[in-house]
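Engineer: Could you have a look at this structure, given as structure tokens, before my questions?
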Amino acid sequence: MEILKVENLSKIYGKGDIQVKALDDVSFSVKKGEFVAIVGASGSGKSTLLHVLGGVDRPTNGKVFIDGTDVYEMNESKLAIFRRRQIGLIYQFYNLIPILNVEENITLPLLLDEGEVDKDQLSDILATLNLSNRLHHLPNELSGGQQQRVSIGRALFNKPALVLADEPTGNLDSKNSKEIIDLLKYSNKQYNQTLIIITHDHQIALQADRMITLDDGHVIKDEVIRG
Ligand SMILES: Nc1ncnc2c1ncn2[C@@H]1O[C@H](COP(=O)(O)OP(=O)(O)OP(=O)(O)O)[C@@H](O)[C@H]1O
């Protein structure tokens, strides 16, 4: 079953003479539960693609369907709700809210939707993330690896259909990187959650089911690594 479909995506930044075409006619589909690595040189359009897929940056042309929903047909408020429920976003620099503690950062998307926090689910996820004894710590009281685990907790807590990670290990040492990738892979396999990771690390890309290579805004290679 197809969870994500993108059709003829293009993204142009700027106006007039100073335009950059960051994405140029990009089309592909991703199956439910697939783990896809997106690779390519600096400036090839990877982050732009992830933002367009994640409903945070409207494409100049083309369409994004998530689980059959035309993402950019929705108005901004519906899109914000859809994003919180269906998409988990993870960034290189964690993007945690500095004045909220670990528990509050993880449960924030659910609370914004006025959902009720399932305390058992919260303790399970904190145990998986090895953060059970850090519940009331603020982000600046945590190590980089711990902060990234909180951001993963926040992304996964709502059980989104799609998890998008932009260089999630770019700021971490090799031990923490491995832990983060193992967590993302565990969640991908355990919950059949679709995972798309941007990485410059070839060893991480080789752990995916499939590798998509971008160059100058185009998909130049789309390879199955394991079937
Ligand atoms: N907000 C913006 N305004 C103008 N140009 C932008 C903007 N964001 C990105 N670009 C340009 O779009 C192109 C693609 O950028 P993007 O960040 O998607 O590449 P990337 O592959 O993720 O690069 P990196 O690996 O260095 O993070 C680049 O030429 C970049 O300069």
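Following the order of the structure tokens, first chain is A, next is B, and so on, with residues numbered from 1 inside each chain and ligands from 1 in the order they appear.
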Write out as an NGL selection string all residues of range 7-186 of chain A that backbone DSSP assigns to strand (DSSP E or B).
Structural biologist: :A and (7-15 or 18-31 or 35-40 or 61-66 or 69-70 or 87-90 or 162-166)
Engineer: Hey, which bits of chain A sit within 7 Å of ligand 1, and for each residue what's the closest pair of atoms and how far apart in Å (one decimal), counting only C-alpha atoms and all ligand atoms, rows by chain and increasing number, as CSV?
Structural biologist:
```
residue,atom,partner,partner_atom_place_in_ligand_line,distance
A:Tyr13,CA,ligand 1,4 (C),4.7
A:Gly14,CA,ligand 1,4 (C),5.8
A:Val20,CA,ligand 1,5 (N),5.8
A:Lys21,CA,ligand 1,12 (O),6.6
A:Ala22,CA,ligand 1,12 (O),4.3
A:Gly40,CA,ligand 1,21 (O),6.2
A:Ala41,CA,ligand 1,25 (O),5.9
A:Ser42,CA,ligand 1,25 (O),3.5
A:Gly43,CA,ligand 1,19 (O),3.5
A:Ser44,CA,ligand 1,21 (O),3.9
A:Gly45,CA,ligand 1,18 (O),3.3
A:Lys46,CA,ligand 1,21 (O),3.9
A:Ser47,CA,ligand 1,22 (O),3.7
A:Thr48,CA,ligand 1,18 (O),3.7
A:Leu49,CA,ligand 1,18 (O),6.4
```
Engineer: For the selection you just gave me, I'd like the residues written to a file as an mmCIF file, in the first residue's frame, keeping N, CA and C atoms.
Structural biologist:
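Once everything was written out, this is part18.cif:
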```
data_model
loop_
_atom_site.group_PDB
_atom_site.id
_atom_site.type_symbol
_atom_site.label_atom_id
_atom_site.label_comp_id
_atom_site.auth_asym_id
_atom_site.auth_seq_id
_atom_site.Cartn_x
_atom_site.Cartn_y
_atom_site.Cartn_z
ATOM 1 N N TYR A 13 12.658 29.180 -5.076
ATOM 2 C CA TYR A 13 12.801 30.224 -4.058
ATOM 3 C C TYR A 13 13.122 31.536 -4.765
ATOM 4 N N GLY A 14 12.694 32.627 -4.169
ATOM 5 C CA GLY A 14 13.072 33.949 -4.672
ATOM 6 C C GLY A 14 12.155 34.418 -5.801
ATOM 7 N N VAL A 20 16.041 30.510 -7.340
ATOM 8 C CA VAL A 20 16.744 29.226 -7.221
ATOM 9 C C VAL A 20 15.703 28.130 -7.381
ATOM 10 N N LYS A 21 15.933 27.224 -8.323
ATOM 11 C CA LYS A 21 15.019 26.092 -8.483
ATOM 12 C C LYS A 21 15.557 24.947 -7.633
ATOM 13 N N ALA A 22 15.010 24.804 -6.431
ATOM 14 C CA ALA A 22 15.532 23.811 -5.485
ATOM 15 C C ALA A 22 15.012 22.409 -5.801
ATOM 16 N N GLY A 40 22.466 13.020 -1.386
ATOM 17 C CA GLY A 40 22.808 13.955 -2.464
ATOM 18 C C GLY A 40 23.723 15.035 -1.921
ATOM 19 N N ALA A 41 24.383 15.725 -2.828
ATOM 20 C CA ALA A 41 25.350 16.747 -2.435
ATOM 21 C C ALA A 41 24.661 17.894 -1.710
ATOM 22 N N SER A 42 25.456 18.695 -1.029
ATOM 23 C CA SER A 42 24.938 19.889 -0.378
ATOM 24 C C SER A 42 24.282 20.794 -1.437
ATOM 25 N N GLY A 43 23.082 21.272 -1.124
ATOM 26 C CA GLY A 43 22.382 22.158 -2.055
ATOM 27 C C GLY A 43 21.576 21.422 -3.121
ATOM 28 N N SER A 44 21.515 20.085 -3.043
ATOM 29 C CA SER A 44 20.801 19.327 -4.091
ATOM 30 C C SER A 44 19.285 19.353 -3.904
ATOM 31 N N GLY A 45 18.812 19.833 -2.749
ATOM 32 C CA GLY A 45 17.369 19.973 -2.558
ATOM 33 C C GLY A 45 16.761 19.043 -1.521
ATOM 34 N N LYS A 46 17.596 18.356 -0.743
ATOM 35 C CA LYS A 46 17.092 17.355 0.201
ATOM 36 C C LYS A 46 16.182 17.955 1.278
ATOM 37 N N SER A 47 16.659 19.009 1.944
ATOM 38 C CA SER A 47 15.844 19.599 3.026
ATOM 39 C C SER A 47 14.579 20.219 2.450
ATOM 40 N N THR A 48 14.718 20.835 1.290
ATOM 41 C CA THR A 48 13.525 21.414 0.658
ATOM 42 C C THR A 48 12.489 20.317 0.413
ATOM 43 N N LEU A 49 12.948 19.174 -0.108
ATOM 44 C CA LEU A 49 12.024 18.070 -0.373
ATOM 45 C C LEU A 49 11.346 17.623 0.915
#
```
Engineer: What gap, in Å, lies between CA of Gly153 in chain A and CA of Ile125 in chain A?
Structural biologist: 6.8 Å
Engineer: Quick one: of A:Lys5, A:His137, A:Lys32, A:Lys11, who's nearest to Gly217 in chain A, counting only C-alpha atoms?
Structural biologist: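 Residue with the minimum atom-to-atom distance to Gly217 in chain A: A:Lys11.
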Engineer: Please, which residues of range 5-214 of chain A, numbered as in this document, come out helix (DSSP H, G or I) from DSSP, as a PyMOL selection string?
Structural biologist: chain A and resi 46-53+71-73+76-86+102-112+119-128+132-134+139-141+144-157+174-190+202-205
